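Chemist: Would you mind keeping the following structure in view while I ask a few things?
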Amino acid sequence: MHRRLLAGFCVLMTGCAASGPGGSSPPLAPPAAAAPSPVIQGETTAKGVRGSWRSRGYGWLLTVSDKGLLLHHESAAGCYADPTGTAGLLEIFGYSQPGPEGAVHFLSLPGETRYHFDRIDRLPPSCNDEKRAWDAPRVFEVFAATLAEHYAFFKERNLDWSARVEAGRAQVSPGMPERKLFDVLSTTLQGLGDAHVNLSAEIGAEVLSFEETHSQTLELLSARARAEGRPAKEVERAWLRAYRDGILQVILGGKGHQAAKDRILWGFAAPRVGYLNVVTMGGYGDHLSREKELSALDLVLDEAMSAFHGADAVIVDVTNNRGGYDLISRAIANRFADQKRLAFTKQAYRAKGMAPQAFHVEPSPRPRFTGRVYLLTSDVTVSAGETFTLAMRALPHVKHLGTTTRGAFSDVLEKPLPNGWKVEFSNEIYLDTEGQLFEARGVPPEETIDVFPKDDLSNGHTKAVLRLVQLSARPEAAVK
């Protein structure tokens with residue numbers, strides 16, 4: 001349901017298992033009492049959450065009973081059931097805590113995003129209409145209404161959704177070929193340039209997908225592939241191999257470490273300069289729960305941070321970070337925290353009356369490094385790599401260098417369409433500690449270092465890091 005972009009690096013390298021809200025009422029703050037508790041313990045559903053609930057934002061209707069969880073999607077164009085079973089839904093709504101005025105907050109894990117639900121007497125009658133025919137026009141209307149109600153950044157991305165919908169609607173008719181309908185839906189999304197927007201479908205034996213990278217570096221690699229007549233993934237794999245080899249063989253001099261299923265690379269780039277490269281915020285093992293992902297991460301960071309003890313500086317490199325989970329990104333940032341500080345806030349688009357939820361970076365009880373830190377980003381850095389950037393920028397001893405990040409912060413809201421296709425998009429508003437929105441424009445560094453120069457895509461990263469190593473090795477090199 002909710003995840004963050006991370007598949008790209010996994011698939012290409014080693015394989016993996018896988019704007020403010022409307023309304024004028026006062027924001028509702030979460031209660032200070034009751035810690036989150038499991039929605040289902042053993043085979044027993046908690047009494048306080050049984051019944052039907054409507055979310056603020058997200059377009060969800062959740063039913064909790066002794067039979068398990070059932071989710072419906074609601075929009076102005078209709079209501080329909082989500083195919084995900086109870087086990088999958090518990091990954092999103094596995095915990096609950098009392099909210100204000102009889103509401104309930106559902107969470108994936110304690111401390112993570114709170115989804116605010118208000119109790120309703122029963123599901124709307126339209127949700128029980130199993131005989132409804134979801135032909136092409138109806139599917140199009142659900143698609144159009146879902147994006148209109150929940151996509152948060154049409155303004156920031158300069159796209160007139162109403163005009164796009166009118167143009168698309170004119171091309172849709174009952175009985176039209178499915179491939180044609182897919183093309184119409186894809187056309188409405190073209191130009192958003194949002195890395196978190198995806199449309200996918202299975203038509204016969206063919207798997208179709210629409211997405212846009214919105215990264216100059218990745219677009220240059222695609223252009224190279226077209227010019228050389230090679231598959232785009234083949235060209236990107238070669239580029240990523242050069243990236244990894246540059247780190248292990250040149251920056252770390254053949255003495256570096258690869259861990260967490262090769263998602264974390266670390267070592268010393270100079271005698272007293274540590275280097276930590278995180279390529280995904282998750283994917284540290286096959287089919288791991290997020291708790292086990294954290295355990296795998298802790299083992300690696302314990303060793304790295306212990307080794308960095310006494311170093312003059314540490315370079316934290318997320319120039320090729322393809323995202324993952326905020327839970328992971330904050331856990332890494334906590335290894336550099338000197339005290340508890342606000343990292344960012346988030347809230348769902350059009351979650352009427354809801355106050356933003358604050359997330360903090362705070363000192364880990366495990367080994368940490370609080371000396372000079374240089375954070376390196378690029379236009380490839382995306383999603384949880386960008387929330388990590390916000391968390392690190394909240395620390396006064398961290399200097400942000402490199403190039404501007406990609407500008408796709410929101411968790412991915414996954415919406416199955418009633419014909420079995422799926423659309424994914426951004427529906428959450430992330431703000432930094434000063435209330436700035438970086439969606440669609442990315443986070444600019446304090447100092448620019450061209451990490452992936454056009455004329456040297458394969459070796460530019462290594463050269464850029466070596467220049468930074470020379471700077472960071474100077475005792476007089478202040479962070480700010």
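Order determines the names: the first chain of the structure tokens is A, the second B, and so forth; residues in each chain are numbered 1 upward, and ligands are numbered 1 upward as they are shown.
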Neighbours of range 196-198 of chain A within 6 Å (only C-alpha atoms; same-chain residues fewer than 5 positions away dropped), as JSON, numbers by chain?
Modeler: {"A": [210, 211, 423, 424, 425]}
Chemist: Using only C-alpha atoms, determine which residues lie at most 10 Å from Met176 in chain A, disregarding the query and same-chain residues fewer than 4 positions distant; provide the list as number ranges by chain.
Modeler: A: 135-137, 171-172, 180-181
Chemist: Convert the current residue selection to file output with C-alpha atoms, as a tab-separated table (two decimals), in the first residue's frame.
Modeler:
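Saved file again.tsv follows:
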chain	number	residue	atom	x	y	z
A	135	ASP	CA	-16.08	-0.61	-18.23
A	136	ALA	CA	-13.49	1.75	-19.72
A	137	PRO	CA	-15.42	5.01	-19.05
A	171	GLN	CA	-11.02	9.44	-26.20
A	172	VAL	CA	-12.64	6.85	-23.94
A	180	LYS	CA	-5.78	2.00	-25.94
A	181	LEU	CA	-7.23	2.82	-22.51
Chemist: For the interface of range 440-466 of chain A with range 264-283 of chain A (cut-off 12 Å, counting only C-alpha atoms), please tabulate each contacting residue of range 440-466 of chain A alongside its nearest pair of atoms and their separation in Å to one decimal, rows sorted by chain and increasing number, as a tab-separated table.
Modeler:
residue	atom	partner	partner_atom	distance
A:Thr462	CA	A:Ala269	CA	11.0
A:Val465	CA	A:Ala269	CA	8.9
A:Leu466	CA	A:Ala269	CA	7.9
Chemist: Would you save the residues of that selection, restricted to C-alpha atoms, as a short mmCIF file (atom, residue, chain, number, x, y, z; two decimals), in the first residue's frame?
Modeler:
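Heads up, here's the output in result15.cif:
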data_model
loop_
_atom_site.label_atom_id
_atom_site.label_comp_id
_atom_site.auth_asym_id
_atom_site.auth_seq_id
_atom_site.Cartn_x
_atom_site.Cartn_y
_atom_site.Cartn_z
CA THR A 462 34.83 8.92 -7.88
CA VAL A 465 34.46 12.15 -3.70
CA LEU A 466 38.28 12.22 -3.84
#
Chemist: Neighbouring residues of range 454-456 of chain A were defined as those with any atom within 12 Å, considering only C-alpha atoms; residues of the same chain fewer than 3 positions away were excluded. Please report them as a VMD selection string.
Modeler: chain A and resid 216 to 221 223 to 224 239 242 to 243 450 to 451 459 to 464
Chemist: Quick one: distance from CA of Thr389 in chain A to CA of Met354 in chain A in Å, one decimal?
Modeler: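 Going from CA of Thr389 in chain A over to CA of Met354 in chain A, I get 25.3 Å.
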Chemist: With a distance cut-off of 9 Å and only C-alpha atoms, select the neighbouring residues of Ala195 in chain A, excluding the residue or stretch itself and same-chain residues fewer than 4 positions from it, and output the selection as a list of chain:residue names.
Modeler: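 The neighbour list is A:Leu5, A:Glu211, A:Glu212, A:Thr213, A:His214, A:Ser215, A:Val382, A:Ser383, A:Arg406, A:Gly407, A:Ala408, A:Phe425.
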Chemist: I need the chosen residues saved as a PDB file, in the first residue's frame, with all heavy atoms.
Modeler:
ATOM      1  N   LEU A   5      10.175   4.515  -3.059  1.00  0.00           N
ATOM      2  CA  LEU A   5      10.869   4.020  -4.230  1.00  0.00           C
ATOM      3  C   LEU A   5      12.217   3.429  -3.851  1.00  0.00           C
ATOM      4  O   LEU A   5      13.029   4.065  -3.235  1.00  0.00           O
ATOM      5  CB  LEU A   5      11.075   5.180  -5.192  1.00  0.00           C
ATOM      6  CG  LEU A   5      11.499   4.881  -6.620  1.00  0.00           C
ATOM      7  CD1 LEU A   5      10.370   4.233  -7.378  1.00  0.00           C
ATOM      8  CD2 LEU A   5      11.930   6.167  -7.300  1.00  0.00           C
ATOM      9  N   GLU A 211       6.131   5.438 -16.259  1.00  0.00           N
ATOM     10  CA  GLU A 211       6.770   6.214 -15.206  1.00  0.00           C
ATOM     11  C   GLU A 211       7.755   7.183 -15.842  1.00  0.00           C
ATOM     12  O   GLU A 211       8.169   6.996 -16.992  1.00  0.00           O
ATOM     13  CB  GLU A 211       7.491   5.302 -14.205  1.00  0.00           C
ATOM     14  CG  GLU A 211       8.546   4.419 -14.833  1.00  0.00           C
ATOM     15  CD  GLU A 211       9.115   3.418 -13.852  1.00  0.00           C
ATOM     16  OE1 GLU A 211       8.902   3.602 -12.635  1.00  0.00           O
ATOM     17  OE2 GLU A 211       9.764   2.463 -14.280  1.00  0.00           O
ATOM     18  N   GLU A 212       8.097   8.220 -15.100  1.00  0.00           N
ATOM     19  CA  GLU A 212       9.062   9.214 -15.556  1.00  0.00           C
ATOM     20  C   GLU A 212      10.136   9.384 -14.485  1.00  0.00           C
ATOM     21  O   GLU A 212       9.815   9.463 -13.296  1.00  0.00           O
ATOM     22  CB  GLU A 212       8.367  10.558 -15.825  1.00  0.00           C
ATOM     23  CG  GLU A 212       7.365  10.505 -16.966  1.00  0.00           C
ATOM     24  CD  GLU A 212       6.623  11.824 -17.160  1.00  0.00           C
ATOM     25  OE1 GLU A 212       6.195  12.409 -16.139  1.00  0.00           O
ATOM     26  OE2 GLU A 212       6.472  12.253 -18.304  1.00  0.00           O
ATOM     27  N   THR A 213      11.405   9.469 -14.905  1.00  0.00           N
ATOM     28  CA  THR A 213      12.483   9.500 -13.923  1.00  0.00           C
ATOM     29  C   THR A 213      12.695  10.876 -13.322  1.00  0.00           C
ATOM     30  O   THR A 213      13.002  11.004 -12.147  1.00  0.00           O
ATOM     31  CB  THR A 213      13.807   9.056 -14.570  1.00  0.00           C
ATOM     32  OG1 THR A 213      14.123   9.953 -15.653  1.00  0.00           O
ATOM     33  CG2 THR A 213      13.704   7.640 -15.103  1.00  0.00           C
ATOM     34  N   HIS A 214      12.581  11.941 -14.108  1.00  0.00           N
ATOM     35  CA  HIS A 214      12.855  13.305 -13.660  1.00  0.00           C
ATOM     36  C   HIS A 214      14.234  13.399 -13.015  1.00  0.00           C
ATOM     37  O   HIS A 214      14.409  13.947 -11.932  1.00  0.00           O
ATOM     38  CB  HIS A 214      11.781  13.784 -12.689  1.00  0.00           C
ATOM     39  CG  HIS A 214      11.849  15.271 -12.427  1.00  0.00           C
ATOM     40  ND1 HIS A 214      11.727  16.215 -13.426  1.00  0.00           N
ATOM     41  CD2 HIS A 214      12.040  15.983 -11.281  1.00  0.00           C
ATOM     42  CE1 HIS A 214      11.839  17.421 -12.908  1.00  0.00           C
ATOM     43  NE2 HIS A 214      12.031  17.314 -11.611  1.00  0.00           N
ATOM     44  N   SER A 215      15.233  12.832 -13.685  1.00  0.00           N
ATOM     45  CA  SER A 215      16.617  12.923 -13.239  1.00  0.00           C
ATOM     46  C   SER A 215      17.482  13.132 -14.469  1.00  0.00           C
ATOM     47  O   SER A 215      17.469  12.301 -15.383  1.00  0.00           O
ATOM     48  CB  SER A 215      17.053  11.641 -12.515  1.00  0.00           C
ATOM     49  OG  SER A 215      18.461  11.531 -12.467  1.00  0.00           O
ATOM     50  N   VAL A 382      16.609  10.170  -4.087  1.00  0.00           N
ATOM     51  CA  VAL A 382      15.160  10.292  -4.184  1.00  0.00           C
ATOM     52  C   VAL A 382      14.478   9.661  -2.978  1.00  0.00           C
ATOM     53  O   VAL A 382      15.054   8.817  -2.282  1.00  0.00           O
ATOM     54  CB  VAL A 382      14.659   9.641  -5.504  1.00  0.00           C
ATOM     55  CG1 VAL A 382      14.787   8.125  -5.463  1.00  0.00           C
ATOM     56  CG2 VAL A 382      13.234  10.058  -5.828  1.00  0.00           C
ATOM     57  N   SER A 383      13.257  10.093  -2.721  1.00  0.00           N
ATOM     58  CA  SER A 383      12.346   9.439  -1.799  1.00  0.00           C
ATOM     59  C   SER A 383      12.915   9.404  -0.383  1.00  0.00           C
ATOM     60  O   SER A 383      13.222  10.442   0.182  1.00  0.00           O
ATOM     61  CB  SER A 383      12.025   8.043  -2.338  1.00  0.00           C
ATOM     62  OG  SER A 383      10.888   7.507  -1.746  1.00  0.00           O
ATOM     63  N   ARG A 406      16.188  14.809  -6.183  1.00  0.00           N
ATOM     64  CA  ARG A 406      15.213  14.660  -7.260  1.00  0.00           C
ATOM     65  C   ARG A 406      13.870  15.337  -6.987  1.00  0.00           C
ATOM     66  O   ARG A 406      13.162  15.718  -7.905  1.00  0.00           O
ATOM     67  CB  ARG A 406      15.003  13.177  -7.572  1.00  0.00           C
ATOM     68  CG  ARG A 406      14.700  12.968  -9.036  1.00  0.00           C
ATOM     69  CD  ARG A 406      14.436  11.537  -9.465  1.00  0.00           C
ATOM     70  NE  ARG A 406      15.348  10.531  -8.981  1.00  0.00           N
ATOM     71  CZ  ARG A 406      15.250   9.243  -9.319  1.00  0.00           C
ATOM     72  NH1 ARG A 406      14.284   8.857 -10.144  1.00  0.00           N
ATOM     73  NH2 ARG A 406      16.094   8.355  -8.844  1.00  0.00           N
ATOM     74  N   GLY A 407      13.457  15.429  -5.747  1.00  0.00           N
ATOM     75  CA  GLY A 407      12.204  16.128  -5.451  1.00  0.00           C
ATOM     76  C   GLY A 407      10.974  15.250  -5.453  1.00  0.00           C
ATOM     77  O   GLY A 407       9.941  15.624  -6.000  1.00  0.00           O
ATOM     78  N   ALA A 408      11.055  14.068  -4.802  1.00  0.00           N
ATOM     79  CA  ALA A 408       9.890  13.181  -4.666  1.00  0.00           C
ATOM     80  C   ALA A 408       9.928  12.599  -3.260  1.00  0.00           C
ATOM     81  O   ALA A 408      10.541  11.563  -3.019  1.00  0.00           O
ATOM     82  CB  ALA A 408       9.907  12.085  -5.719  1.00  0.00           C
ATOM     83  N   PHE A 425       1.027   7.322  -6.683  1.00  0.00           N
ATOM     84  CA  PHE A 425       1.314   8.755  -6.776  1.00  0.00           C
ATOM     85  C   PHE A 425       1.623   9.332  -5.395  1.00  0.00           C
ATOM     86  O   PHE A 425       1.521   8.653  -4.375  1.00  0.00           O
ATOM     87  CB  PHE A 425       0.150   9.503  -7.427  1.00  0.00           C
ATOM     88  CG  PHE A 425      -1.190   9.260  -6.769  1.00  0.00           C
ATOM     89  CD1 PHE A 425      -1.627  10.064  -5.730  1.00  0.00           C
ATOM     90  CD2 PHE A 425      -2.011   8.224  -7.207  1.00  0.00           C
ATOM     91  CE1 PHE A 425      -2.856   9.848  -5.125  1.00  0.00           C
ATOM     92  CE2 PHE A 425      -3.246   7.998  -6.609  1.00  0.00           C
ATOM     93  CZ  PHE A 425      -3.667   8.804  -5.566  1.00  0.00           C
TER      94      PHE A 425
END
Chemist: For each of A:Phe117, A:Tyr58, A:Tyr80, A:Tyr349, take the minimum atom-to-atom distance to Pro98 in chain A, counting only C-alpha atoms, then give the residue where this is smallest.
Modeler: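 Of A:Phe117, A:Tyr58, A:Tyr80, A:Tyr349, the one nearest Pro98 in chain A is A:Phe117, counting only C-alpha atoms.
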Chemist: Considering only C-alpha atoms, can you say which of A:Gly168, A:Gly310, A:Gly229, A:Gly385 comes closest to Asp411 in chain A?
Modeler: A:Gly385
Chemist: Go through range 92-157 of chain A residue by residue and, counting only C-alpha atoms, keep those with an atom at most 10 Å from range 327-332 of chain A; for each kept residue give the shortest atom pair and its distance in Å to one decimal, ordered by chain and increasing number, as a tab-separated table.
Modeler:
residue	atom	partner	partner_atom	distance
A:Leu109	CA	A:Leu327	CA	9.4
A:Gly111	CA	A:Leu327	CA	8.7
A:Glu112	CA	A:Leu327	CA	7.2
A:Thr113	CA	A:Leu327	CA	9.8
Chemist: Could you take the residues named above and write them with C-alpha atoms, as a short mmCIF file (atom, residue, chain, number, x, y, z; two decimals), in the first residue's frame?
Modeler:
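Writing the result to again04.cif gives the following:
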data_model
loop_
_atom_site.label_atom_id
_atom_site.label_comp_id
_atom_site.auth_asym_id
_atom_site.auth_seq_id
_atom_site.Cartn_x
_atom_site.Cartn_y
_atom_site.Cartn_z
CA LEU A 109 4.59 0.42 13.39
CA GLY A 111 6.36 5.86 15.80
CA GLU A 112 5.53 5.75 12.09
CA THR A 113 2.89 7.58 10.02
#
Chemist: Give the answer as one residue: which of A:Glu206, A:Arg368, A:Leu376, A:His73 has the shortest atom-to-atom distance to Ser306 in chain A, using only C-alpha atoms?
Modeler: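 Among the listed residues, the smallest separation from Ser306 in chain A belongs to A:Arg368.
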Chemist: Pick from A:Glu414, A:Ala133, A:Leu342, A:Val443: nearest to Thr84 in chain A, with only C-alpha atoms counted?
Modeler: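 For Thr84 in chain A, the nearest of the given residues is A:Glu414.
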Chemist: Mind pulling up the distance from CA of Phe336 in chain A to CA of Arg393 in chain A?
Modeler: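 Atom-to-atom, CA of Arg393 in chain A to CA of Phe336 in chain A, that is 10.9 Å.
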Chemist: I want to know what sits within 8 Å of range 299-301 of chain A, based on only C-alpha atoms, with residues of the same chain fewer than 3 positions away left out; could you give that as an MDAnalysis selection string?
Modeler: chainID A and resid 259:260 295:296 304:305 332 335 367
Chemist: Take CA of Thr370 in chain A and CA of Val469 in chain A and report the distance between them in Å, one decimal.
Modeler: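 We find that CA of Thr370 in chain A and CA of Val469 in chain A lie 17.8 Å from each other.
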Chemist: Point out the residue among A:Gln258, A:Gln339, A:Ser364, A:Thr146 with the least atom-to-atom distance to Asp302 in chain A, counting only C-alpha atoms.
Modeler: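 Closest residue, counting only C-alpha atoms: A:Ser364.
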Chemist: Please list as a ChimeraX atom specification every residue within 12 Å of Leu185 in chain A, counting only C-alpha atoms and excluding residues in the same chain fewer than 2 positions away.
Modeler: /A:136-137,139-144,147,161,164-172,178-183,187-190,198-201,208-211,417,421-423
Chemist: Could you pull the residues within 8 Å of Leu71 in chain A, counting only C-alpha atoms, minus those fewer than 6 positions along the same chain, as a list in words?
Modeler: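 Listing them by chain and then by number gives Trp60, Leu61, Leu62, Thr63, Ala81, Asp82, Thr84 and Leu89 of chain A.
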Chemist: Taking into account only C-alpha atoms, which residue in the set A:Gly51, A:Glu74, A:Glu303, A:Asp432 is nearest to Arg119 in chain A?
Modeler: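 Selected residue with least distance to Arg119 in chain A: A:Gly51.
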